[in-house]
Each structure stands twice: as C-alpha cells, then as structure tokens.
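protein_23.pdb, holding PDB, C-alpha atoms and all ligand atoms:
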ATOM      1  CA  MET P  17      -1.478  12.884   3.873
ATOM      2  CA  ILE P  18       1.859  14.604   4.377
ATOM      3  CA  SER P  19       2.242  16.360   1.063
ATOM      4  CA  SER P  20       0.295  16.084  -2.140
ATOM      5  CA  ILE P  21       0.980  16.912  -5.751
ATOM      6  CA  SER P  22      -2.051  19.167  -5.848
ATOM      7  CA  ASN P  23      -0.682  21.209  -2.910
ATOM      8  CA  HIS P  24       2.757  21.537  -4.419
ATOM      9  CA  PRO P  25       3.683  25.100  -5.445
ATOM     10  CA  GLN P  26       4.522  23.873  -8.924
ATOM     11  CA  GLY P  27       1.695  21.393  -8.970
ATOM     12  CA  PRO P  28      -1.462  21.374 -11.020
ATOM     13  CA  THR P  29      -3.736  24.371 -10.748
ATOM     14  CA  ALA P  30      -7.381  24.439  -9.773
ATOM     15  CA  LYS P  31      -8.265  22.800 -13.059
ATOM     16  CA  THR P  32      -6.990  19.522 -11.661
ATOM     17  CA  PRO P  33      -9.996  17.463 -10.600
ATOM     18  CA  ARG P  34      -9.059  16.377  -7.058
ATOM     19  CA  ARG P  35     -12.151  14.416  -6.342
ATOM     20  CA  ASN P  36     -12.220  12.795  -2.936
ATOM     21  CA  PRO P  37     -14.242   9.593  -3.056
ATOM     22  CA  THR P  38     -14.913   9.805   0.652
ATOM     23  CA  ASP P  39     -16.780  13.062   0.275
ATOM     24  CA  GLY P  40     -20.077  11.231   0.319
ATOM     25  CA  VAL P  41     -22.189   9.029  -1.854
ATOM     26  CA  SER P  42     -22.375  10.276  -5.393
ATOM     27  CA  SER P  43     -25.248   9.736  -7.725
ATOM     28  CA  SER P  44     -23.323   6.952  -9.411
ATOM     29  CA  GLY P  45     -25.005   3.580  -9.108
ATOM     30  CA  VAL P  46     -21.783   1.636  -8.507
ATOM     31  CA  GLU P  47     -20.666   4.040  -5.808
ATOM     32  CA  ALA P  48     -24.010   3.707  -4.034
ATOM     33  CA  GLU P  49     -23.818  -0.070  -4.387
ATOM     34  CA  ALA P  50     -20.286  -0.148  -2.944
ATOM     35  CA  MET P  51     -21.453   2.076  -0.100
ATOM     36  CA  SER P  52     -24.330  -0.259   0.686
ATOM     37  CA  ILE P  53     -21.977  -3.274   0.862
ATOM     38  CA  THR P  54     -18.798  -1.939   2.495
ATOM     39  CA  ASP P  55     -19.800   1.494   3.838
ATOM     40  CA  ARG P  56     -17.381   3.063   1.358
ATOM     41  CA  PRO P  57     -18.263   4.457  -2.094
ATOM     42  CA  TYR P  58     -14.969   3.197  -3.520
ATOM     43  CA  LEU P  59     -12.679   0.192  -3.660
ATOM     44  CA  SER P  60      -9.167   0.450  -2.288
ATOM     45  CA  TRP P  61      -6.240  -1.538  -3.599
ATOM     46  CA  THR P  62      -5.970  -3.093  -0.126
ATOM     47  CA  GLN P  63      -9.549  -4.319  -0.405
ATOM     48  CA  VAL P  64      -8.917  -5.817  -3.838
ATOM     49  CA  SER P  65      -5.782  -7.613  -2.594
ATOM     50  CA  SER P  66      -7.642  -8.824   0.481
ATOM     51  CA  TYR P  67     -10.438 -10.327  -1.651
ATOM     52  CA  GLN P  68      -7.944 -12.002  -3.963
ATOM     53  CA  GLN P  69      -6.120 -13.547  -0.995
ATOM     54  CA  CYS P  70      -9.243 -14.829   0.746
ATOM     55  CA  PRO P  71     -12.783 -13.648  -0.065
ATOM     56  CA  ARG P  72     -14.069 -14.857   3.331
ATOM     57  CA  ALA P  73     -11.481 -12.809   5.222
ATOM     58  CA  PHE P  74     -12.496  -9.838   3.049
ATOM     59  CA  ALA P  75     -16.126 -10.337   4.062
ATOM     60  CA  PHE P  76     -15.258 -10.593   7.768
ATOM     61  CA  ARG P  77     -13.392  -7.309   7.583
ATOM     62  CA  TYR P  78     -15.152  -5.107   5.077
ATOM     63  CA  VAL P  79     -18.723  -6.413   4.862
ATOM     64  CA  GLU P  80     -19.490  -7.837   8.306
ATOM     65  CA  HIS P  81     -17.061  -5.543  10.145
ATOM     66  CA  ALA P  82     -16.185  -8.430  12.489
ATOM     67  CA  GLU P  83     -13.876  -7.692  15.416
ATOM     68  CA  PRO P  84     -10.406  -9.096  14.605
ATOM     69  CA  ASP P  85      -8.781 -11.220  17.327
ATOM     70  CA  PHE P  86      -5.418  -9.485  16.965
ATOM     71  CA  VAL P  87      -3.303  -7.312  14.739
ATOM     72  CA  PRO P  88      -0.243  -8.912  13.104
ATOM     73  CA  SER P  89       3.003  -7.232  14.188
ATOM     74  CA  SER P  90       4.096  -7.126  10.526
ATOM     75  CA  LEU P  91       1.219  -4.756   9.724
ATOM     76  CA  LEU P  92       2.195  -2.252  12.422
ATOM     77  CA  PHE P  93       5.885  -2.629  11.648
ATOM     78  CA  GLY P  94       5.321  -1.950   7.938
ATOM     79  CA  SER P  95       3.263   1.174   8.742
ATOM     80  CA  ALA P  96       5.972   2.472  11.079
ATOM     81  CA  MET P  97       8.680   1.962   8.463
ATOM     82  CA  HIS P  98       6.638   3.740   5.808
ATOM     83  CA  GLU P  99       6.212   6.680   8.185
ATOM     84  CA  ALA P 100       9.956   6.739   8.856
ATOM     85  CA  PHE P 101      10.838   6.789   5.136
ATOM     86  CA  ALA P 102       8.195   9.450   4.506
ATOM     87  CA  ARG P 103       9.600  11.594   7.325
ATOM     88  CA  VAL P 104      13.036  11.510   5.700
ATOM     89  CA  HIS P 105      11.600  12.790   2.393
ATOM     90  CA  GLU P 106       9.486  15.381   4.180
ATOM     91  CA  CYS P 107      12.545  16.783   5.980
ATOM     92  CA  ASP P 108      14.405  16.836   2.666
ATOM     93  CA  MET P 109      11.552  18.738   1.019
ATOM     94  CA  GLU P 110      11.319  21.275   3.846
ATOM     95  CA  GLY P 111      15.074  21.684   4.352
ATOM     96  CA  LEU P 112      14.915  20.333   7.905
ATOM     97  CA  PRO P 113      17.566  18.172   9.580
ATOM     98  CA  ILE P 114      16.914  14.441   9.273
ATOM     99  CA  PRO P 115      15.971  12.956  12.691
ATOM    100  CA  SER P 116      18.193  10.220  14.140
ATOM    101  CA  SER P 117      17.531   6.602  13.186
ATOM    102  CA  GLU P 118      16.513   5.991  16.821
ATOM    103  CA  GLU P 119      13.929   8.752  16.573
ATOM    104  CA  LEU P 120      12.692   7.649  13.148
ATOM    105  CA  ALA P 121      12.302   4.049  14.294
ATOM    106  CA  GLY P 122      10.551   5.171  17.485
ATOM    107  CA  LYS P 123       7.233   4.861  15.698
ATOM    108  CA  VAL P 124       7.646   1.061  15.763
ATOM    109  CA  SER P 125       7.425   0.958  19.555
ATOM    110  CA  ASN P 126       4.711   3.613  19.565
ATOM    111  CA  LEU P 127       2.454   1.673  17.208
ATOM    112  CA  LEU P 128       3.087  -1.678  18.888
ATOM    113  CA  GLY P 129       2.452  -0.181  22.331
ATOM    114  CA  ALA P 130      -0.632   1.816  21.346
ATOM    115  CA  SER P 131      -2.521  -1.019  19.632
ATOM    116  CA  LEU P 132      -5.979  -1.523  21.124
ATOM    117  CA  LEU P 133      -5.937  -5.116  19.891
ATOM    118  CA  PRO P 134      -3.481  -7.786  21.057
ATOM    119  CA  VAL P 135      -0.403  -7.784  18.836
ATOM    120  CA  LYS P 136       0.501 -11.156  17.322
ATOM    121  CA  TYR P 137       4.265 -11.564  16.977
ATOM    122  CA  SER P 138       6.077 -14.095  14.827
ATOM    123  CA  LYS P 139       8.280 -16.692  16.472
ATOM    124  CA  GLY P 140      11.248 -15.091  18.246
ATOM    125  CA  GLU P 141       9.870 -11.573  17.767
ATOM    126  CA  SER P 142       9.063  -8.970  20.437
ATOM    127  CA  ALA P 143       8.541  -5.214  20.603
ATOM    128  CA  GLU P 144      12.249  -4.890  21.474
ATOM    129  CA  THR P 145      13.534  -6.993  18.559
ATOM    130  CA  LEU P 146      11.272  -5.136  16.128
ATOM    131  CA  HIS P 147      12.438  -1.769  17.455
ATOM    132  CA  ALA P 148      16.069  -2.841  16.958
ATOM    133  CA  LEU P 149      15.227  -4.130  13.464
ATOM    134  CA  GLY P 150      13.543  -0.796  12.695
ATOM    135  CA  ILE P 151      16.685   1.101  13.654
ATOM    136  CA  ARG P 152      18.858  -1.140  11.448
ATOM    137  CA  MET P 153      16.496  -0.707   8.484
ATOM    138  CA  VAL P 154      16.352   3.073   8.877
ATOM    139  CA  GLU P 155      20.147   3.230   9.138
ATOM    140  CA  ALA P 156      20.473   1.181   5.943
ATOM    141  CA  PHE P 157      17.959   3.460   4.230
ATOM    142  CA  LEU P 158      19.715   6.651   5.339
ATOM    143  CA  ALA P 159      23.054   5.271   4.148
ATOM    144  CA  SER P 160      21.611   4.470   0.710
ATOM    145  CA  PRO P 161      21.140   6.935  -2.172
ATOM    146  CA  GLU P 162      17.411   6.196  -1.979
ATOM    147  CA  SER P 163      17.015   8.454   1.063
ATOM    148  CA  LYS P 164      17.899  11.408  -1.161
ATOM    149  CA  PRO P 165      17.173  10.403  -4.734
ATOM    150  CA  GLU P 166      17.646  12.614  -7.751
ATOM    151  CA  GLY P 167      14.900  15.174  -8.266
ATOM    152  CA  GLN P 168      12.534  17.179  -6.141
ATOM    153  CA  PRO P 169       9.992  15.513  -3.827
ATOM    154  CA  VAL P 170       6.486  16.605  -4.841
ATOM    155  CA  CYS P 171       4.231  14.087  -3.141
ATOM    156  CA  ILE P 172       4.661  12.096   0.058
ATOM    157  CA  GLU P 173       2.011   9.729   1.323
ATOM    158  CA  ASP P 174      -0.902  11.011  -0.706
ATOM    159  CA  ARG P 175      -3.915   9.261  -2.141
ATOM    160  CA  ALA P 176      -4.471   8.435  -5.771
ATOM    161  CA  SER P 177      -8.077   7.976  -6.716
ATOM    162  CA  GLY P 178     -10.285   7.913  -9.730
ATOM    163  CA  SER P 179     -12.713   6.014 -11.873
ATOM    164  CA  ILE P 180     -11.199   3.406 -14.180
ATOM    165  CA  ASP P 181     -14.379   1.834 -15.514
ATOM    166  CA  PRO P 182     -18.030   2.956 -15.211
ATOM    167  CA  GLN P 183     -18.991  -0.564 -14.085
ATOM    168  CA  ILE P 184     -16.534  -0.494 -11.158
ATOM    169  CA  PRO P 185     -16.551   1.835  -8.131
ATOM    170  CA  PRO P 186     -13.762   4.432  -8.078
ATOM    171  CA  ILE P 187     -10.391   3.022  -7.046
ATOM    172  CA  GLU P 188      -8.322   4.516  -4.276
ATOM    173  CA  GLY P 189      -4.759   3.781  -3.238
ATOM    174  CA  LYS P 190      -1.986   5.300  -1.157
ATOM    175  CA  VAL P 191       1.008   6.733  -2.990
ATOM    176  CA  ASP P 192       4.254   6.577  -0.993
ATOM    177  CA  PHE P 193       6.455   9.042  -2.850
ATOM    178  CA  VAL P 194       6.642  10.988  -6.112
ATOM    179  CA  ARG P 195       9.636  13.047  -7.226
ATOM    180  CA  LEU P 196      10.068  15.382 -10.159
ATOM    181  CA  THR P 197      13.132  14.652 -12.271
ATOM    182  CA  LYS P 198      14.311  16.220 -15.531
ATOM    183  CA  ASP P 199      12.553  13.369 -17.338
ATOM    184  CA  GLY P 200       9.228  13.652 -15.528
ATOM    185  CA  LEU P 201       7.593  12.288 -12.403
ATOM    186  CA  VAL P 202       8.832   9.080 -10.792
ATOM    187  CA  LEU P 203       6.366   7.146  -8.671
ATOM    188  CA  ARG P 204       7.882   5.070  -5.870
ATOM    189  CA  ASP P 205       6.419   2.452  -3.570
ATOM    190  CA  TYR P 206       8.248   1.174  -0.493
ATOM    191  CA  LYS P 207       8.169  -2.488   0.500
ATOM    192  CA  THR P 208       9.628  -4.046   3.609
ATOM    193  CA  ALA P 209      10.453  -7.634   2.718
ATOM    194  CA  ARG P 210      11.783 -10.747   4.394
ATOM    195  CA  SER P 211      14.217 -11.296   1.528
ATOM    196  CA  LYS P 212      15.401  -9.586  -1.650
ATOM    197  CA  TRP P 213      12.890  -9.397  -4.460
ATOM    198  CA  ASN P 214      13.568 -11.245  -7.698
ATOM    199  CA  ALA P 215      12.158 -10.309 -11.117
ATOM    200  CA  ASP P 216       9.037 -12.460 -10.609
ATOM    201  CA  LYS P 217       8.250 -10.765  -7.314
ATOM    202  CA  VAL P 218       8.669  -7.328  -8.896
ATOM    203  CA  GLU P 219       6.323  -8.220 -11.752
ATOM    204  CA  GLU P 220       3.831  -9.653  -9.253
ATOM    205  CA  GLY P 221       3.620  -6.264  -7.516
ATOM    206  CA  ALA P 222       3.882  -4.154 -10.671
ATOM    207  CA  PRO P 223       0.136  -3.912 -11.497
ATOM    208  CA  GLN P 224      -0.403  -1.881  -8.321
ATOM    209  CA  LEU P 225       2.193   0.720  -9.378
ATOM    210  CA  ARG P 226       0.908   0.839 -12.957
ATOM    211  CA  LEU P 227      -2.635   1.359 -11.743
ATOM    212  CA  TYR P 228      -1.586   4.153  -9.366
ATOM    213  CA  ALA P 229       0.318   5.820 -12.213
ATOM    214  CA  THR P 230      -2.821   5.699 -14.350
ATOM    215  CA  LEU P 231      -4.875   7.266 -11.558
ATOM    216  CA  LEU P 232      -2.265   9.963 -10.899
ATOM    217  CA  ASN P 233      -1.951  10.842 -14.580
ATOM    218  CA  GLU P 234      -5.716  11.400 -14.652
ATOM    219  CA  GLN P 235      -5.522  13.610 -11.570
ATOM    220  CA  LEU P 236      -2.569  15.578 -12.944
ATOM    221  CA  ASP P 237      -4.638  16.484 -15.978
ATOM    222  CA  GLY P 238      -1.655  17.098 -18.234
ATOM    223  CA  TRP P 239       0.463  19.146 -15.773
ATOM    224  CA  ARG P 240       3.130  16.437 -15.784
ATOM    225  CA  LYS P 241       3.211  12.735 -16.516
ATOM    226  CA  ILE P 242       4.407   9.782 -14.495
ATOM    227  CA  THR P 243       7.363   8.615 -16.562
ATOM    228  CA  GLY P 244       9.040   6.251 -14.114
ATOM    229  CA  LEU P 245       7.894   3.574 -11.686
ATOM    230  CA  GLU P 246       9.995   1.945  -9.003
ATOM    231  CA  PHE P 247       9.823  -0.233  -5.938
ATOM    232  CA  VAL P 248      12.352   0.335  -3.191
ATOM    233  CA  THR P 249      12.666  -2.753  -1.019
ATOM    234  CA  VAL P 250      14.310  -2.803   2.404
ATOM    235  CA  THR P 251      14.946  -6.264   3.796
ATOM    236  CA  LYS P 252      14.115  -7.212   7.356
ATOM    237  CA  ALA P 253      17.503  -8.730   8.029
ATOM    238  CA  VAL P 254      20.473  -8.565  10.363
ATOM    239  CA  LYS P 255      22.079  -6.445   7.666
ATOM    240  CA  PRO P 256      19.174  -4.856   5.782
ATOM    241  CA  VAL P 257      19.639  -4.317   2.060
ATOM    242  CA  VAL P 258      18.029  -1.418   0.177
ATOM    243  CA  THR P 259      17.323  -2.138  -3.492
ATOM    244  CA  THR P 260      15.604  -0.169  -6.231
ATOM    245  CA  HIS P 261      13.595  -2.093  -8.822
ATOM    246  CA  GLU P 262      12.530  -0.150 -11.892
ATOM    247  CA  VAL P 263       9.163  -1.187 -13.278
ATOM    248  CA  PRO P 264       8.313  -0.734 -16.954
ATOM    249  CA  MET P 265       4.943   0.856 -17.703
ATOM    250  CA  ARG P 266       2.828  -1.585 -19.706
ATOM    251  CA  ARG P 267      -0.617  -0.559 -20.889
ATOM    252  CA  GLU P 268      -1.769  -4.147 -21.312
ATOM    253  CA  SER P 269      -0.867  -4.816 -17.695
ATOM    254  CA  VAL P 270      -3.075  -1.913 -16.575
ATOM    255  CA  GLN P 271      -5.977  -3.314 -18.584
ATOM    256  CA  ALA P 272      -5.393  -6.780 -17.116
ATOM    257  CA  CYS P 273      -5.399  -5.209 -13.668
ATOM    258  CA  ILE P 274      -8.677  -3.379 -14.399
ATOM    259  CA  ASP P 275     -10.181  -6.673 -15.609
ATOM    260  CA  GLN P 276      -9.112  -8.372 -12.362
ATOM    261  CA  ILE P 277     -10.601  -5.563 -10.276
ATOM    262  CA  GLY P 278     -13.795  -5.963 -12.304
ATOM    263  CA  GLN P 279     -13.911  -9.665 -11.400
ATOM    264  CA  VAL P 280     -13.286  -8.866  -7.736
ATOM    265  CA  TRP P 281     -16.058  -6.261  -7.756
ATOM    266  CA  ASP P 282     -18.419  -8.753  -9.405
ATOM    267  CA  GLY P 283     -17.679 -11.241  -6.597
ATOM    268  CA  ILE P 284     -18.249  -8.613  -3.922
ATOM    269  CA  ARG P 285     -21.556  -7.357  -5.288
ATOM    270  CA  LYS P 286     -22.817 -10.935  -5.693
ATOM    271  CA  SER P 287     -21.686 -11.833  -2.140
ATOM    272  CA  VAL P 288     -19.329 -14.535  -3.388
ATOM    273  CA  PHE P 289     -17.189 -14.992  -0.285
ATOM    274  CA  PRO P 290     -15.726 -18.520  -0.233
ATOM    275  CA  THR P 291     -13.009 -19.526   2.198
ATOM    276  CA  ARG P 292      -9.555 -19.938   0.709
ATOM    277  CA  PRO P 293      -7.524 -21.867   3.270
ATOM    278  CA  GLY P 294      -3.763 -21.667   2.898
ATOM    279  CA  TRP P 295      -0.746 -19.868   4.321
ATOM    280  CA  PRO P 296      -2.714 -16.628   5.054
ATOM    281  CA  CYS P 297      -4.648 -18.546   7.747
ATOM    282  CA  LYS P 298      -1.517 -18.389   9.922
ATOM    283  CA  THR P 299      -1.865 -14.646  10.316
ATOM    284  CA  CYS P 300      -5.614 -14.297   9.743
ATOM    285  CA  PRO P 301      -7.210 -12.328  12.602
ATOM    286  CA  TYR P 302     -10.575 -13.976  11.839
ATOM    287  CA  ALA P 303      -9.361 -17.598  12.013
ATOM    288  CA  SER P 304     -11.243 -18.245  15.268
ATOM    289  CA  LYS P 305     -14.501 -17.436  13.440
ATOM    290  CA  CYS P 306     -13.666 -19.447  10.329
ATOM    291  CA  PRO P 307     -14.475 -23.169  10.096
ATOM    292  CA  ALA P 308     -11.992 -23.605   7.235
ATOM    293  CA  ALA P 309      -9.016 -22.123   9.086
ATOM    294  CA  ILE P 310      -5.844 -24.136   8.777
ATOM    295  CA  LYS P 311      -4.324 -24.312  12.234
ATOM    296  CA  PRO P 312      -0.620 -23.433  12.589
ATOM    297  CA  ALA P 313       0.543 -27.077  12.813
ATOM    298  CA  GLY P 314      -0.814 -27.813   9.371
ATOM    299  CA  ALA P 315      -0.384 -24.399   7.843
ATOM    300  CA  PHE P 316       1.206 -23.987   4.443
ATOM    301  CA  ASP P 317       4.460 -22.093   4.115
ATOM    302  CA  GLU P 318       4.215 -18.480   3.129
ATOM    303  CA  PRO P 319       5.541 -18.037  -0.428
TER     304      PRO P 319
HETATM  305  S1  LIG V 401      -8.843 -18.472   8.362
HETATM  306 FE1  LIG V 401      -8.055 -18.811   6.300
HETATM  307  S2  LIG V 401      -9.834 -19.440   5.068
HETATM  308 FE2  LIG V 401     -10.614 -18.538   6.977
HETATM  309  S3  LIG V 401     -10.999 -16.404   6.521
HETATM  310 FE3  LIG V 401      -8.925 -16.499   7.336
HETATM  311  S4  LIG V 401      -7.568 -16.732   5.566
HETATM  312 FE4  LIG V 401      -9.665 -17.215   4.892
END
Represent the structure contained in this file as structure tokens.
Amino acid sequence: MISSISNHPQGPTAKTPRRNPTDGVSSSGVEAEAMSITDRPYLSWTQVSSYQQCPRAFAFRYVEHAEPDFVPSSLLFGSAMHEAFARVHECDMEGLPIPSSEELAGKVSNLLGASLLPVKYSKGESAETLHALGIRMVEAFLASPESKPEGQPVCIEDRASGSIDPQIPPIEGKVDFVRLTKDGLVLRDYKTARSKWNADKVEEGAPQLRLYATLLNEQLDGWRKITGLEFVTVTKAVKPVVTTHEVPMRRESVQACIDQIGQVWDGIRKSVFPTRPGWPCKTCPYASKCPAAIKPAGAFDEP
C-alpha cells in the first residue's frame, strides 16, 4: 500500500470499519472454509478471474500450491508499469518532483532480473525490449493529462475489501488510484494492453470496477461516495496511446458479478476443478503438469 483513503487527512475517521481480511481466521464459517481450502480467509478478484479462466490452473496455484515452471514476462511488466504510474501520483500528492521516465521504467528491469523463477518472454521480446517499451509507455503517460488528472489524489494502490454476501467469503481487490473531485471520488484502474480497448472490452472489465466501488463505498461509511469509474489504458506499442474509458455504475451489473462470484465459490468449495484448454495454455506456468495442455503449435489465438 502506498496511500490509503483511511490514512488520508481528510479521509474517514475511526468510525470507518477498515477490516483487514488477512488479520486471521474469523468465526465466520465461509472464512474458515476458504482458509481451509486456499490458506486465505477471503477471495481475491485475481482468484475469481483465475478460476473463470481455467479452474484447473486455479487449483494448481491456490489449492495445491504447485511450483510454477516460469513467470510470464507480461505479469512482471504489468506490475512494473502499475508501480511507475502509482509513483507519479504519489509524487504529485506529496509535492515531489516526478522522476525521469528512465527511472520510473527502471522497475521493469529490476523485476525481470530479480525473478526467482525463469521468465517466459513472448516471441521477439527480451529484458531490453521490455525496458525500452516501459520507457515509451511512461513517456506517453507523463505527456497525457492522465498523469495529473483533475482533483486531489486520496488513495494510491490500496486494498478494497469487504463482505458482499454471507454465503461467500469476503472479497479483496487492489485499487490503483482514487481522486477527490468536486463531484465526488473517482476510482481508476490502469490496464496495459496490446491494443486500444473498444466498448465491448471496457464492458467486459467493468464488473471489477463496479465491485471495487461497492466495497470502497462500504469502507467509506458515508464519508464520501465513489461517483465516477474509469479505466486508463496504455498500449504496448511503438507509439503508446493513453486512453480514458469512463464506466457507468450499474447496480444490476454488481449483482450479476456477485452471482458469478457465488458460482465460482461454489465450484471451489466443491473441488470442481476441470481443465479448460484454450489460449491461456500458451502462457500457463502449470502446462507441464496438465494432461489437457494445448501445446503452442496447436494453441488458440488469444482474444
Ligand atoms: S495447461 Fe491449459 S487446461 Fe491445463 S491448467 Fe493450464 S490453462 Fe488449464
């Protein structure tokens, strides 16, 4: 966590229930059940997405704690970019000079070089090409209005957590950035993408933002409300493009998301972990352990 709403000088007071789901097993039955299956008393959004993509890969990672064969470069690259964007907002909040794009993108090389697992690169990629790409993306970000958006930063890389249904373990997710504008709080999520997002892609990712907004509103306990949601995408291109996509808040979408999480949780607690061969096999770090893995020659194209 770099900065949280609850730590903000104008943030919620002690009345705000900042429950940390990692503080130990609660008396709740679902939390204890989640703990017994995954060693965590909560479900993260990453876990839910992982199960939806391939339940078997979920089981390798979160239930059996199998050793992955490698770490995909895209995972480390995405983390480094998120840290770079967060650093820009943190400097803005603290009145510090913004580091150079070279310095901000330095995390790419650091993460790639420090990985304890072999790093799996895509075709034509290397640590050097990714470092150069990181610099281009940071430069594009710094040149865009999104590096200094309207309003006051109040939360950078914090966790949103809370209970959404008594039958489901508490949900936890990572919030990239929240700023306070004259109209209320705007919740932002950063995405590094191979190409520009269209409306379908935005709507595909929207449930995550709507769920996080619901969790944050609970945590804020009336201090302020999340009134705006947005994705900021930065393309991994020769000339990266920074785009803001506003996301409308839809209550029915939140309920649909909760229903989906409920189905995922039901599958997890009943040990329903079928293989789901497809394009994710290409970058699955458990493919060598999986009899259903589709080898690269026959792999599907990533959508
Ligand atoms: S190799 Fe494919 S089917 Fe097997 S666990 Fe990984 S993603 Fe699932």
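Minimum distance to Arg210 of chain P across P:Leu196, P:Ala253, P:Ala222, P:Ile242 (counting all atoms listed in the file) occurs at P:Ala253.
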Next on the checklist: Suppose a student applies the PyMOL selection byres (((chain P and resi 124) around 6) and not hetatm) to this structure; what residues should they get, written as a PyMOL selection string?
Outcome noted: chain P and resi 93+96+121-123+125-127+147
Expected answer as a JSON list (two decimals) with C-alpha atoms, in the coordinates of the input: residues within 8 Å of ligand LIG 401 (chain V), all atoms listed in the file:
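And here is the file that came out, part20.json:
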[["chain", "number", "residue", "atom", "x", "y", "z"],
["P", 69, "GLN", "CA", -6.12, -13.55, -1.00],
["P", 70, "CYS", "CA", -9.24, -14.83, 0.75],
["P", 71, "PRO", "CA", -12.78, -13.65, -0.06],
["P", 72, "ARG", "CA", -14.07, -14.86, 3.33],
["P", 73, "ALA", "CA", -11.48, -12.81, 5.22],
["P", 74, "PHE", "CA", -12.50, -9.84, 3.05],
["P", 76, "PHE", "CA", -15.26, -10.59, 7.77],
["P", 290, "PRO", "CA", -15.73, -18.52, -0.23],
["P", 291, "THR", "CA", -13.01, -19.53, 2.20],
["P", 292, "ARG", "CA", -9.56, -19.94, 0.71],
["P", 293, "PRO", "CA", -7.52, -21.87, 3.27],
["P", 294, "GLY", "CA", -3.76, -21.67, 2.90],
["P", 295, "TRP", "CA", -0.75, -19.87, 4.32],
["P", 296, "PRO", "CA", -2.71, -16.63, 5.05],
["P", 297, "CYS", "CA", -4.65, -18.55, 7.75],
["P", 298, "LYS", "CA", -1.52, -18.39, 9.92],
["P", 299, "THR", "CA", -1.86, -14.65, 10.32],
["P", 300, "CYS", "CA", -5.61, -14.30, 9.74],
["P", 301, "PRO", "CA", -7.21, -12.33, 12.60],
["P", 302, "TYR", "CA", -10.58, -13.98, 11.84],
["P", 303, "ALA", "CA", -9.36, -17.60, 12.01],
["P", 304, "SER", "CA", -11.24, -18.24, 15.27],
["P", 305, "LYS", "CA", -14.50, -17.44, 13.44],
["P", 306, "CYS", "CA", -13.67, -19.45, 10.33],
["P", 307, "PRO", "CA", -14.48, -23.17, 10.10],
["P", 308, "ALA", "CA", -11.99, -23.60, 7.24],
["P", 309, "ALA", "CA", -9.02, -22.12, 9.09],
["P", 310, "ILE", "CA", -5.84, -24.14, 8.78]]
Next on the checklist: Translate the PyMOL selection byres (((chain P and resi 100-115) around 9) and not hetatm) into a concrete residue list for this structure, as a list in words.
Outcome noted: Ile18, Ser19, Ser95, Ala96, Met97, His98, Glu99, Ser116, Ser117, Glu118, Glu119, Leu120, Ala121, Gly122, Lys123, Val154, Phe157, Leu158, Ser163, Lys164, Gln168, Pro169, Val170, Ile172, Glu173, Asp192, Phe193 and Tyr206 of chain P
Can you list, as a PDB file with C-alpha atoms, in the frame of the given file, the residues that the PyMOL selection byres (((chain P and resi 248) around 9) and not hetatm) selects here?
ATOM      1  CA  GLU P 162      17.411   6.196  -1.979  1.00  0.00           C
ATOM      2  CA  ARG P 204       7.882   5.070  -5.870  1.00  0.00           C
ATOM      3  CA  ASP P 205       6.419   2.452  -3.570  1.00  0.00           C
ATOM      4  CA  TYR P 206       8.248   1.174  -0.493  1.00  0.00           C
ATOM      5  CA  LYS P 207       8.169  -2.488   0.500  1.00  0.00           C
ATOM      6  CA  THR P 208       9.628  -4.046   3.609  1.00  0.00           C
ATOM      7  CA  GLU P 246       9.995   1.945  -9.003  1.00  0.00           C
ATOM      8  CA  PHE P 247       9.823  -0.233  -5.938  1.00  0.00           C
ATOM      9  CA  THR P 249      12.666  -2.753  -1.019  1.00  0.00           C
ATOM     10  CA  VAL P 250      14.310  -2.803   2.404  1.00  0.00           C
ATOM     11  CA  VAL P 258      18.029  -1.418   0.177  1.00  0.00           C
ATOM     12  CA  THR P 259      17.323  -2.138  -3.492  1.00  0.00           C
ATOM     13  CA  THR P 260      15.604  -0.169  -6.231  1.00  0.00           C
ATOM     14  CA  HIS P 261      13.595  -2.093  -8.822  1.00  0.00           C
ATOM     15  CA  GLU P 262      12.530  -0.150 -11.892  1.00  0.00           C
TER      16      GLU P 262
END
Next on the checklist: What's the separation between atom CA of Pro161 of chain P and atom CA of Leu236 of chain P, in Å to one decimal place?
Outcome noted: 27.4 Å
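Among the candidates P:Gln63, P:Thr251, P:Thr54, P:Thr230, the one nearest to Ala156 of chain P when counting only C-alpha atoms is P:Thr251.
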Item to check | Nearest residue to Ala229 of chain P from the set P:Thr197, P:Ser177, P:Ser211, P:Gln276 (distances using only C-alpha atoms) | outcome: P:Ser177
Checklist entry - Ile284 of chain P: which residues within 9 Å, counting all atoms listed in the file, same-chain residues fewer than 4 positions away excluded, as an MDAnalysis selection string? => result chainID P and resid 50 53 67 71 75 279:280 288:289
Next, the residues of the selection above should be written as a PDB file, in the frame of the given file with C-alpha atoms.
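Listed below is the output, part30.pdb:
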ATOM      1  CA  ALA P  50     -20.286  -0.148  -2.944  1.00  0.00           C
ATOM      2  CA  ILE P  53     -21.977  -3.274   0.862  1.00  0.00           C
ATOM      3  CA  TYR P  67     -10.438 -10.327  -1.651  1.00  0.00           C
ATOM      4  CA  PRO P  71     -12.783 -13.648  -0.065  1.00  0.00           C
ATOM      5  CA  ALA P  75     -16.126 -10.337   4.062  1.00  0.00           C
ATOM      6  CA  GLN P 279     -13.911  -9.665 -11.400  1.00  0.00           C
ATOM      7  CA  VAL P 280     -13.286  -8.866  -7.736  1.00  0.00           C
ATOM      8  CA  VAL P 288     -19.329 -14.535  -3.388  1.00  0.00           C
ATOM      9  CA  PHE P 289     -17.189 -14.992  -0.285  1.00  0.00           C
TER      10      PHE P 289
END
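Distances here use only C-alpha atoms; by that measure, the residue among P:Leu232, P:Pro223, P:Phe86, P:Glu141 closest to Cys171 of chain P is P:Leu232.
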Next on the checklist: Restricting the calculation to only C-alpha atoms: of P:Ile184, P:Leu149, P:Leu132, P:Leu245, which residue gets closest to Pro264 of chain P?
Outcome noted: P:Leu245
Checklist entry - Quick one: of P:Ile151, P:Ile187, P:Ala215, P:Leu225, who's nearest to Pro256 of chain P, counting all atoms listed in the file? => result P:Ile151
Using 8 Å of padding on each side, determine the axis-aligned box around all atoms of segment 278-286 of chain P present in the file and give its centre and edge lengths in Å to one decimal, as AutoDock Vina command-line options.
--center_x -18.1 --center_y -8.6 --center_z -8.1 --size_x 25.5 --size_y 21.3 --size_z 24.4
Checklist entry - atom CA of Val257 of chain P and atom CA of Ser160 of chain P, how far apart in Å? => result 9.1 Å
